Amino acid sequence: MCMIQTANKNAIPEAKALLSYFAEISGKKIITGQHTQTVPMEEISYIKSVTGKEPKLRGFELLSYSPNINYSDSDIECLTEVEENRNTAEIALKWAKENSGILTFTFHWFSPLGGHGKSFYAENTDFDASRIFQEGTEERSCFFRDMDVIAELLKKFEGIPILWRPFHECYGDWFWWGAKGPVVASRLYSLMFDYYTNFHKLDNLLWVWNCNVKEAYPGDDKVDVVSIDVYRQQYEPTDYSREYRSLCEGSSKNKVCALAEVGYIPDVSLLEQTHIPWAYYMTWSKEFCIGEKYNSKSSLLKMYESRYAVTL
């Protein structure tokens with residue numbers, strides 16, 4: 001295996017090997033992935049019941065670890081989601097130690113200051129991310145407080161590589177980190193990269209950038225994987241080639257590429273023909289996986305039975 005350079009030059013050997021593996025298989029195979037939102041991980045049970053196999057990559061949600069959840073001003077939907085997510089990191093750690101799978105985290109980060117309900121949504125908070133860059137502001141101190149809390153959580157995964165995808169979907173304005181535009185989100189990403197790499201020495205992280213806006217790209221020296229989230233309105237067989245070109249044009253042509261979130265899984269027979277070099281995909285949770293509203297059982301079987309697909 002030819003080792004490629006990680007953004008963090010002090011990355012652990014396991015992280016370096018994983019990134020090199022991604023580069024090696026891109027265009028030759030695709031790693032199957034599934035996001036889980038609750039501790040029972042019912043999506044995995046469903047996939048196994050349909051296909052007899054499990055995805056190689058498993059995604060976990062960290063929203064319940066946000067230090068600033070406003071329990072007194074949240075509706076039942078928000079509180080239920082928080083409760084369902086409790087202990088997901090502990091479950092992720094146990095799974096990673098017991099399996100040869102690949103671990104990725106999504107963090108719907110409740111705004112570090114203020115907000116109500118699901119305050120990771122910009123409409124539920126007046127938190128101004130641009131003020132994080134001003135020394136002495138409450139926004140900055142609360143942002144660093146939250147980063148410290150999550151850093152301690154990530155340190156428990158010593159020796160285990162994690163695909164770390166902070167400030168996702170910042171091409172849109174629906175999350176507080178994207179509300180001031182993708183360039184501000186990119187500055188947040190770079191701030192976190194430097195803080196986690198140099199101060200917290202989190203050398204087990206592979207850094208995943210999740211945006212296709214060229215002027216926001218943090219630079220090849222801070223990114224290991226470039227990715228995009230795609231939710232199409234209706235199903236059609238696709239290799240997501242259009243999204244691949246958009247991602248490369250809006251980020252870097254030098255990086256491993258991934259479908260970090262999808263509603264519909266890619267068509268594996270098309271990928272076998274076109275060899276669009278997606279290293280992995282991750283289907284979103286709940287109804288995007290379970291039932292046939294989005295992905296049919298035949299689509300799942302086709303993917304998981306293909307020699308082009310990498311499963312657990």
# chains A, B, ... in the order shown; residues from 1 in each chain; ligands from 1

$ residues_around --residues "Asp73 in chain A" --least-positions-apart "6" --cutoff "12 Å" --atoms "only C-alpha atoms" --output "list in words"
Leu79, Gly114, Gly115, His116, Gly117, Lys118, Ser119, Asn124 and Thr125 of chain A

$ select_by_dssp --residues "range 174-217 of chain A" --states "strand (DSSP E)" --output "VMD selection string"
chain A and resid 205 to 209

$ write_last_selection --atoms "N, CA and C atoms" --output "PDB file, in the first residue's frame"
ATOM      1  N   LEU A 205      -7.561  11.728  14.155  1.00  0.00           N
ATOM      2  CA  LEU A 205      -8.618  12.251  13.285  1.00  0.00           C
ATOM      3  C   LEU A 205      -8.161  12.346  11.835  1.00  0.00           C
ATOM      4  N   LEU A 206      -9.044  11.930  10.930  1.00  0.00           N
ATOM      5  CA  LEU A 206      -8.913  12.260   9.515  1.00  0.00           C
ATOM      6  C   LEU A 206      -9.930  13.364   9.247  1.00  0.00           C
ATOM      7  N   TRP A 207      -9.482  14.450   8.653  1.00  0.00           N
ATOM      8  CA  TRP A 207     -10.297  15.656   8.535  1.00  0.00           C
ATOM      9  C   TRP A 207     -11.086  15.666   7.231  1.00  0.00           C
ATOM     10  N   VAL A 208     -12.413  15.712   7.387  1.00  0.00           N
ATOM     11  CA  VAL A 208     -13.330  15.634   6.245  1.00  0.00           C
ATOM     12  C   VAL A 208     -13.983  16.998   6.032  1.00  0.00           C
ATOM     13  N   TRP A 209     -13.734  17.603   4.880  1.00  0.00           N
ATOM     14  CA  TRP A 209     -14.361  18.863   4.497  1.00  0.00           C
ATOM     15  C   TRP A 209     -15.635  18.553   3.736  1.00  0.00           C
TER      16      TRP A 209
END

$ residues_around --residues "Glu169 in chain A" --least-positions-apart "2" --cutoff "9 Å" --atoms "only C-alpha atoms" --output "PyMOL selection string"
chain A and resi 167+171-175+178+182+210-211+228-229

$ write_last_selection --atoms "all heavy atoms" --output "mmCIF file, in the first residue's frame"
data_model
loop_
_atom_site.group_PDB
_atom_site.id
_atom_site.type_symbol
_atom_site.label_atom_id
_atom_site.label_comp_id
_atom_site.auth_asym_id
_atom_site.auth_seq_id
_atom_site.Cartn_x
_atom_site.Cartn_y
_atom_site.Cartn_z
ATOM 1 N N PHE A 167 -18.654 21.077 11.009
ATOM 2 C CA PHE A 167 -19.245 22.198 10.264
ATOM 3 C C PHE A 167 -19.775 21.741 8.895
ATOM 4 O O PHE A 167 -19.543 22.375 7.864
ATOM 5 C CB PHE A 167 -18.237 23.349 10.124
ATOM 6 C CG PHE A 167 -17.540 23.675 11.411
ATOM 7 C CD1 PHE A 167 -16.195 23.400 11.594
ATOM 8 C CD2 PHE A 167 -18.253 24.235 12.462
ATOM 9 C CE1 PHE A 167 -15.565 23.678 12.807
ATOM 10 C CE2 PHE A 167 -17.627 24.521 13.685
ATOM 11 C CZ PHE A 167 -16.277 24.238 13.846
ATOM 12 N N TYR A 171 -22.275 24.935 2.884
ATOM 13 C CA TYR A 171 -22.698 25.611 1.647
ATOM 14 C C TYR A 171 -24.115 26.158 1.790
ATOM 15 O O TYR A 171 -24.564 26.982 0.999
ATOM 16 C CB TYR A 171 -22.622 24.656 0.450
ATOM 17 C CG TYR A 171 -23.183 23.278 0.717
ATOM 18 C CD1 TYR A 171 -24.554 23.038 0.719
ATOM 19 C CD2 TYR A 171 -22.333 22.207 0.991
ATOM 20 C CE1 TYR A 171 -25.062 21.778 0.987
ATOM 21 C CE2 TYR A 171 -22.834 20.940 1.250
ATOM 22 C CZ TYR A 171 -24.184 20.728 1.246
ATOM 23 O OH TYR A 171 -24.683 19.471 1.518
ATOM 24 N N GLY A 172 -24.829 25.696 2.814
ATOM 25 C CA GLY A 172 -26.176 26.197 3.105
ATOM 26 C C GLY A 172 -26.167 27.051 4.363
ATOM 27 O O GLY A 172 -25.185 27.083 5.107
ATOM 28 N N ASP A 173 -27.261 27.743 4.616
ATOM 29 C CA ASP A 173 -27.324 28.647 5.768
ATOM 30 C C ASP A 173 -28.241 28.125 6.874
ATOM 31 O O ASP A 173 -28.628 28.878 7.762
ATOM 32 C CB ASP A 173 -27.788 30.033 5.317
ATOM 33 C CG ASP A 173 -29.174 30.027 4.668
ATOM 34 O OD1 ASP A 173 -29.818 28.942 4.599
ATOM 35 O OD2 ASP A 173 -29.619 31.098 4.220
ATOM 36 N N TRP A 174 -28.563 26.830 6.856
ATOM 37 C CA TRP A 174 -29.535 26.309 7.821
ATOM 38 C C TRP A 174 -28.923 26.000 9.178
ATOM 39 O O TRP A 174 -29.635 25.940 10.173
ATOM 40 C CB TRP A 174 -30.247 25.070 7.266
ATOM 41 C CG TRP A 174 -29.366 24.104 6.535
ATOM 42 C CD1 TRP A 174 -28.639 23.070 7.048
ATOM 43 C CD2 TRP A 174 -29.133 24.077 5.121
ATOM 44 N NE1 TRP A 174 -27.963 22.407 6.062
ATOM 45 C CE2 TRP A 174 -28.251 22.994 4.864
ATOM 46 C CE3 TRP A 174 -29.586 24.850 4.042
ATOM 47 C CZ2 TRP A 174 -27.809 22.673 3.576
ATOM 48 C CZ3 TRP A 174 -29.146 24.534 2.761
ATOM 49 C CH2 TRP A 174 -28.272 23.450 2.534
ATOM 50 N N PHE A 175 -27.606 25.796 9.275
ATOM 51 C CA PHE A 175 -26.954 25.581 10.562
ATOM 52 C C PHE A 175 -26.241 26.871 10.986
ATOM 53 O O PHE A 175 -25.816 27.650 10.134
ATOM 54 C CB PHE A 175 -25.934 24.448 10.487
ATOM 55 C CG PHE A 175 -26.529 23.103 10.163
ATOM 56 C CD1 PHE A 175 -25.992 22.312 9.162
ATOM 57 C CD2 PHE A 175 -27.632 22.620 10.855
ATOM 58 C CE1 PHE A 175 -26.522 21.067 8.864
ATOM 59 C CE2 PHE A 175 -28.181 21.376 10.566
ATOM 60 C CZ PHE A 175 -27.621 20.603 9.568
ATOM 61 N N GLY A 178 -23.045 27.857 9.296
ATOM 62 C CA GLY A 178 -23.106 28.276 7.905
ATOM 63 C C GLY A 178 -23.919 29.537 7.686
ATOM 64 O O GLY A 178 -23.983 30.053 6.570
ATOM 65 N N PRO A 182 -20.207 30.308 3.886
ATOM 66 C CA PRO A 182 -19.234 29.212 3.938
ATOM 67 C C PRO A 182 -17.815 29.650 4.258
ATOM 68 O O PRO A 182 -17.035 28.857 4.796
ATOM 69 C CB PRO A 182 -19.327 28.580 2.549
ATOM 70 C CG PRO A 182 -19.898 29.641 1.675
ATOM 71 C CD PRO A 182 -20.806 30.440 2.542
ATOM 72 N N ASN A 210 -16.734 19.266 4.052
ATOM 73 C CA ASN A 210 -18.049 18.908 3.528
ATOM 74 C C ASN A 210 -18.708 20.105 2.846
ATOM 75 O O ASN A 210 -19.723 20.623 3.282
ATOM 76 C CB ASN A 210 -18.920 18.379 4.682
ATOM 77 C CG ASN A 210 -20.236 17.775 4.239
ATOM 78 O OD1 ASN A 210 -21.285 18.109 4.766
ATOM 79 N ND2 ASN A 210 -20.214 16.872 3.274
ATOM 80 N N CYS A 211 -18.101 20.568 1.747
ATOM 81 C CA CYS A 211 -18.591 21.756 1.063
ATOM 82 C C CYS A 211 -17.985 21.795 -0.344
ATOM 83 O O CYS A 211 -16.873 21.323 -0.552
ATOM 84 C CB CYS A 211 -18.198 23.001 1.854
ATOM 85 S SG CYS A 211 -18.764 24.574 1.168
ATOM 86 N N ILE A 228 -19.431 15.627 0.035
ATOM 87 C CA ILE A 228 -20.662 16.364 -0.249
ATOM 88 C C ILE A 228 -21.834 15.543 0.273
ATOM 89 O O ILE A 228 -21.762 14.308 0.339
ATOM 90 C CB ILE A 228 -20.815 16.642 -1.774
ATOM 91 C CG1 ILE A 228 -21.872 17.697 -2.051
ATOM 92 C CG2 ILE A 228 -21.058 15.361 -2.547
ATOM 93 C CD1 ILE A 228 -21.469 19.093 -1.686
ATOM 94 N N ASP A 229 -22.906 16.214 0.672
ATOM 95 C CA ASP A 229 -24.152 15.554 1.063
ATOM 96 C C ASP A 229 -25.162 15.757 -0.062
ATOM 97 O O ASP A 229 -25.308 16.884 -0.554
ATOM 98 C CB ASP A 229 -24.700 16.149 2.355
ATOM 99 C CG ASP A 229 -23.783 15.913 3.548
ATOM 100 O OD1 ASP A 229 -22.736 15.266 3.368
ATOM 101 O OD2 ASP A 229 -24.122 16.377 4.652
#

$ residues_around --residues "Lys156 in chain A" --least-positions-apart "2" --cutoff "12 Å" --atoms "only C-alpha atoms" --output "JSON, numbers by chain"
{"A": [89, 90, 92, 93, 94, 96, 97, 149, 150, 151, 152, 153, 154, 158, 159, 160, 161, 162, 202, 204]}

$ write_last_selection --atoms "N, CA, C and O atoms" --output "PDB file, in the first residue's frame"
ATOM      1  N   ALA A  89     -21.399   7.881  21.798  1.00  0.00           N
ATOM      2  CA  ALA A  89     -19.935   7.803  21.722  1.00  0.00           C
ATOM      3  C   ALA A  89     -19.419   6.541  22.399  1.00  0.00           C
ATOM      4  O   ALA A  89     -18.485   5.893  21.898  1.00  0.00           O
ATOM      5  N   GLU A  90     -20.017   6.185  23.512  1.00  0.00           N
ATOM      6  CA  GLU A  90     -19.606   4.963  24.213  1.00  0.00           C
ATOM      7  C   GLU A  90     -19.907   3.723  23.363  1.00  0.00           C
ATOM      8  O   GLU A  90     -19.109   2.780  23.308  1.00  0.00           O
ATOM      9  N   ALA A  92     -20.098   3.758  20.100  1.00  0.00           N
ATOM     10  CA  ALA A  92     -19.163   3.832  18.978  1.00  0.00           C
ATOM     11  C   ALA A  92     -17.802   3.264  19.364  1.00  0.00           C
ATOM     12  O   ALA A  92     -17.163   2.541  18.582  1.00  0.00           O
ATOM     13  N   LEU A  93     -17.345   3.594  20.557  1.00  0.00           N
ATOM     14  CA  LEU A  93     -16.047   3.103  21.028  1.00  0.00           C
ATOM     15  C   LEU A  93     -16.054   1.585  21.169  1.00  0.00           C
ATOM     16  O   LEU A  93     -15.106   0.906  20.749  1.00  0.00           O
ATOM     17  N   LYS A  94     -17.109   1.054  21.732  1.00  0.00           N
ATOM     18  CA  LYS A  94     -17.237  -0.398  21.887  1.00  0.00           C
ATOM     19  C   LYS A  94     -17.252  -1.075  20.514  1.00  0.00           C
ATOM     20  O   LYS A  94     -16.565  -2.078  20.299  1.00  0.00           O
ATOM     21  N   ALA A  96     -16.057   0.058  17.650  1.00  0.00           N
ATOM     22  CA  ALA A  96     -14.766   0.206  16.978  1.00  0.00           C
ATOM     23  C   ALA A  96     -13.730  -0.773  17.520  1.00  0.00           C
ATOM     24  O   ALA A  96     -12.893  -1.277  16.765  1.00  0.00           O
ATOM     25  N   LYS A  97     -13.794  -1.044  18.805  1.00  0.00           N
ATOM     26  CA  LYS A  97     -12.837  -1.974  19.411  1.00  0.00           C
ATOM     27  C   LYS A  97     -13.128  -3.419  19.043  1.00  0.00           C
ATOM     28  O   LYS A  97     -12.218  -4.258  19.013  1.00  0.00           O
ATOM     29  N   VAL A 149     -14.683  20.284  25.433  1.00  0.00           N
ATOM     30  CA  VAL A 149     -15.529  19.164  25.872  1.00  0.00           C
ATOM     31  C   VAL A 149     -15.491  18.034  24.844  1.00  0.00           C
ATOM     32  O   VAL A 149     -15.298  16.855  25.188  1.00  0.00           O
ATOM     33  N   ILE A 150     -15.668  18.382  23.580  1.00  0.00           N
ATOM     34  CA  ILE A 150     -15.679  17.364  22.530  1.00  0.00           C
ATOM     35  C   ILE A 150     -14.294  16.756  22.329  1.00  0.00           C
ATOM     36  O   ILE A 150     -14.163  15.556  22.044  1.00  0.00           O
ATOM     37  N   ALA A 151     -13.257  17.551  22.505  1.00  0.00           N
ATOM     38  CA  ALA A 151     -11.890  17.029  22.392  1.00  0.00           C
ATOM     39  C   ALA A 151     -11.642  15.924  23.407  1.00  0.00           C
ATOM     40  O   ALA A 151     -11.041  14.885  23.082  1.00  0.00           O
ATOM     41  N   GLU A 152     -12.101  16.132  24.642  1.00  0.00           N
ATOM     42  CA  GLU A 152     -11.918  15.103  25.678  1.00  0.00           C
ATOM     43  C   GLU A 152     -12.673  13.831  25.321  1.00  0.00           C
ATOM     44  O   GLU A 152     -12.215  12.720  25.607  1.00  0.00           O
ATOM     45  N   LEU A 153     -13.811  13.990  24.684  1.00  0.00           N
ATOM     46  CA  LEU A 153     -14.578  12.828  24.221  1.00  0.00           C
ATOM     47  C   LEU A 153     -13.796  12.066  23.153  1.00  0.00           C
ATOM     48  O   LEU A 153     -13.686  10.836  23.195  1.00  0.00           O
ATOM     49  N   LEU A 154     -13.223  12.794  22.209  1.00  0.00           N
ATOM     50  CA  LEU A 154     -12.484  12.172  21.107  1.00  0.00           C
ATOM     51  C   LEU A 154     -11.188  11.509  21.585  1.00  0.00           C
ATOM     52  O   LEU A 154     -10.717  10.551  20.965  1.00  0.00           O
ATOM     53  N   GLU A 158      -8.329   6.771  21.521  1.00  0.00           N
ATOM     54  CA  GLU A 158      -6.901   6.709  21.259  1.00  0.00           C
ATOM     55  C   GLU A 158      -6.562   5.458  20.444  1.00  0.00           C
ATOM     56  O   GLU A 158      -6.969   4.346  20.788  1.00  0.00           O
ATOM     57  N   GLY A 159      -5.833   5.645  19.367  1.00  0.00           N
ATOM     58  CA  GLY A 159      -5.442   4.530  18.517  1.00  0.00           C
ATOM     59  C   GLY A 159      -6.472   4.130  17.483  1.00  0.00           C
ATOM     60  O   GLY A 159      -6.218   3.259  16.653  1.00  0.00           O
ATOM     61  N   ILE A 160      -7.647   4.774  17.529  1.00  0.00           N
ATOM     62  CA  ILE A 160      -8.733   4.450  16.594  1.00  0.00           C
ATOM     63  C   ILE A 160      -8.942   5.623  15.641  1.00  0.00           C
ATOM     64  O   ILE A 160      -9.271   6.726  16.085  1.00  0.00           O
ATOM     65  N   PRO A 161      -8.763   5.432  14.351  1.00  0.00           N
ATOM     66  CA  PRO A 161      -8.981   6.554  13.422  1.00  0.00           C
ATOM     67  C   PRO A 161     -10.459   6.917  13.323  1.00  0.00           C
ATOM     68  O   PRO A 161     -11.326   6.042  13.309  1.00  0.00           O
ATOM     69  N   ILE A 162     -10.712   8.217  13.278  1.00  0.00           N
ATOM     70  CA  ILE A 162     -12.074   8.729  13.163  1.00  0.00           C
ATOM     71  C   ILE A 162     -12.149   9.657  11.966  1.00  0.00           C
ATOM     72  O   ILE A 162     -11.328  10.563  11.813  1.00  0.00           O
ATOM     73  N   LEU A 202      -4.925  15.653  18.873  1.00  0.00           N
ATOM     74  CA  LEU A 202      -5.868  14.625  18.421  1.00  0.00           C
ATOM     75  C   LEU A 202      -5.362  14.061  17.085  1.00  0.00           C
ATOM     76  O   LEU A 202      -5.825  14.443  16.009  1.00  0.00           O
ATOM     77  N   ASN A 204      -5.610  11.073  15.936  1.00  0.00           N
ATOM     78  CA  ASN A 204      -6.381   9.957  15.365  1.00  0.00           C
ATOM     79  C   ASN A 204      -7.454  10.426  14.378  1.00  0.00           C
ATOM     80  O   ASN A 204      -8.181   9.605  13.813  1.00  0.00           O
TER      81      ASN A 204
END

$ residues_around --residues "Ala15 in chain A" --least-positions-apart "2" --cutoff "12 Å" --atoms "only C-alpha atoms" --output "NGL selection string"
:A and (3-13 or 17-22 or 102-103 or 157-164 or 202-207 or 224)

$ closest_residue --among "A:Tyr264, A:Pro67, A:Thr197, A:Val183" --to "Glu292 in chain A" --atoms "only C-alpha atoms"
A:Tyr264

$ decode --residues "range 2-15 of chain A" --atoms "N, CA and C atoms" --output "PDB file, in the first residue's frame"
ATOM      1  N   CYS A   2       0.622   2.159  -0.901  1.00  0.00           N
ATOM      2  CA  CYS A   2       1.370   3.406  -0.972  1.00  0.00           C
ATOM      3  C   CYS A   2       0.765   4.409   0.008  1.00  0.00           C
ATOM      4  N   MET A   3       1.553   4.821   1.000  1.00  0.00           N
ATOM      5  CA  MET A   3       1.045   5.741   2.016  1.00  0.00           C
ATOM      6  C   MET A   3       0.981   7.161   1.456  1.00  0.00           C
ATOM      7  N   ILE A   4      -0.149   7.847   1.676  1.00  0.00           N
ATOM      8  CA  ILE A   4      -0.258   9.239   1.258  1.00  0.00           C
ATOM      9  C   ILE A   4      -0.242  10.124   2.491  1.00  0.00           C
ATOM     10  N   GLN A   5       0.116  11.372   2.305  1.00  0.00           N
ATOM     11  CA  GLN A   5       0.310  12.291   3.417  1.00  0.00           C
ATOM     12  C   GLN A   5      -1.025  12.743   4.018  1.00  0.00           C
ATOM     13  N   THR A   6      -1.144  12.625   5.321  1.00  0.00           N
ATOM     14  CA  THR A   6      -2.316  13.142   6.031  1.00  0.00           C
ATOM     15  C   THR A   6      -2.135  14.632   6.293  1.00  0.00           C
ATOM     16  N   ALA A   7      -3.249  15.342   6.458  1.00  0.00           N
ATOM     17  CA  ALA A   7      -3.182  16.774   6.752  1.00  0.00           C
ATOM     18  C   ALA A   7      -2.439  17.025   8.061  1.00  0.00           C
ATOM     19  N   ASN A   8      -2.729  16.209   9.048  1.00  0.00           N
ATOM     20  CA  ASN A   8      -1.983  16.252  10.308  1.00  0.00           C
ATOM     21  C   ASN A   8      -0.755  15.365  10.153  1.00  0.00           C
ATOM     22  N   LYS A   9       0.406  15.962  10.090  1.00  0.00           N
ATOM     23  CA  LYS A   9       1.634  15.197   9.845  1.00  0.00           C
ATOM     24  C   LYS A   9       1.973  14.256  10.990  1.00  0.00           C
ATOM     25  N   ASN A  10       1.341  14.462  12.153  1.00  0.00           N
ATOM     26  CA  ASN A  10       1.571  13.587  13.306  1.00  0.00           C
ATOM     27  C   ASN A  10       0.459  12.542  13.461  1.00  0.00           C
ATOM     28  N   ALA A  11      -0.334  12.352  12.436  1.00  0.00           N
ATOM     29  CA  ALA A  11      -1.435  11.382  12.503  1.00  0.00           C
ATOM     30  C   ALA A  11      -0.908   9.989  12.851  1.00  0.00           C
ATOM     31  N   ILE A  12      -1.705   9.259  13.618  1.00  0.00           N
ATOM     32  CA  ILE A  12      -1.306   7.903  14.015  1.00  0.00           C
ATOM     33  C   ILE A  12      -1.215   7.005  12.780  1.00  0.00           C
ATOM     34  N   PRO A  13      -0.409   5.948  12.848  1.00  0.00           N
ATOM     35  CA  PRO A  13      -0.252   5.053  11.698  1.00  0.00           C
ATOM     36  C   PRO A  13      -1.575   4.495  11.181  1.00  0.00           C
ATOM     37  N   GLU A  14      -2.503   4.217  12.100  1.00  0.00           N
ATOM     38  CA  GLU A  14      -3.804   3.663  11.689  1.00  0.00           C
ATOM     39  C   GLU A  14      -4.589   4.650  10.831  1.00  0.00           C
ATOM     40  N   ALA A  15      -4.494   5.934  11.161  1.00  0.00           N
ATOM     41  CA  ALA A  15      -5.178   6.957  10.367  1.00  0.00           C
ATOM     42  C   ALA A  15      -4.515   7.104   8.998  1.00  0.00           C
TER      43      ALA A  15
END
